Amino acid sequence: MESLALLATLIVAPAMFGGPIALLLTLWKLSTVSKFRAISIYFLSSSSCLVGVFLIFRDISSGARNIGIIGIVTGLIAIWRLFKR
């Protein structure tokens, strides 16, 4: 059972934490973005959007669907803010 809980955590974590962390990285001194920070924003946002789409279209639960929506929205906002600068 521990491995199943670990697998569920690894599936949900990018959508739950990746998008908001990427958005927080864009809120902090957006005028000076290093290459490492831009790559990490792209990676976190894309993984958040990918896992979010997976969580939305699978018939899991409404909580997982909400986490997926939050991951997609925050990931797309982070990418949009990075392109906008």
# chains A, B, ... in the order shown; residues from 1 in each chain; ligands from 1

$ residues_around --residues "stretch 43-53 of chain A" --least-positions-apart "3" --cutoff "6 Å" --atoms "only C-alpha atoms" --output "PyMOL selection string"
chain A and resi 14-15+18-19+22+40+56+68+71-72+75

$ residues_around --residues "A:Leu25" --least-positions-apart "4" --cutoff "9 Å" --atoms "only C-alpha atoms" --output "list in words"
Pro20, Ile21, Lys29, Leu30, Arg37, Ala38, Ser40, Ile41 and Ala78 of chain A

$ closest_residue --among "A:Leu82, A:Ile60, A:Ala13, A:Leu76" --to "A:Ser34" --atoms "only C-alpha atoms"
A:Leu82

$ select_by_dssp --residues "stretch 13-72 of chain A" --states "helix (DSSP H, G or I)" --output "VMD selection string"
chain A and resid 13 to 27 35 to 57 62 to 72

$ closest_residue --among "A:Ile70, A:Arg85, A:Leu55, A:Trp80" --to "A:Ile11" --atoms "only C-alpha atoms"
A:Leu55

$ closest_residue --among "A:Val12, A:Leu4, A:Leu24, A:Ala64" --to "A:Ile79" --atoms "only C-alpha atoms"
A:Leu24

$ closest_residue --among "A:Leu7, A:Arg81, A:Glu2, A:Tyr42" --to "A:Thr26" --atoms "only C-alpha atoms"
A:Arg81
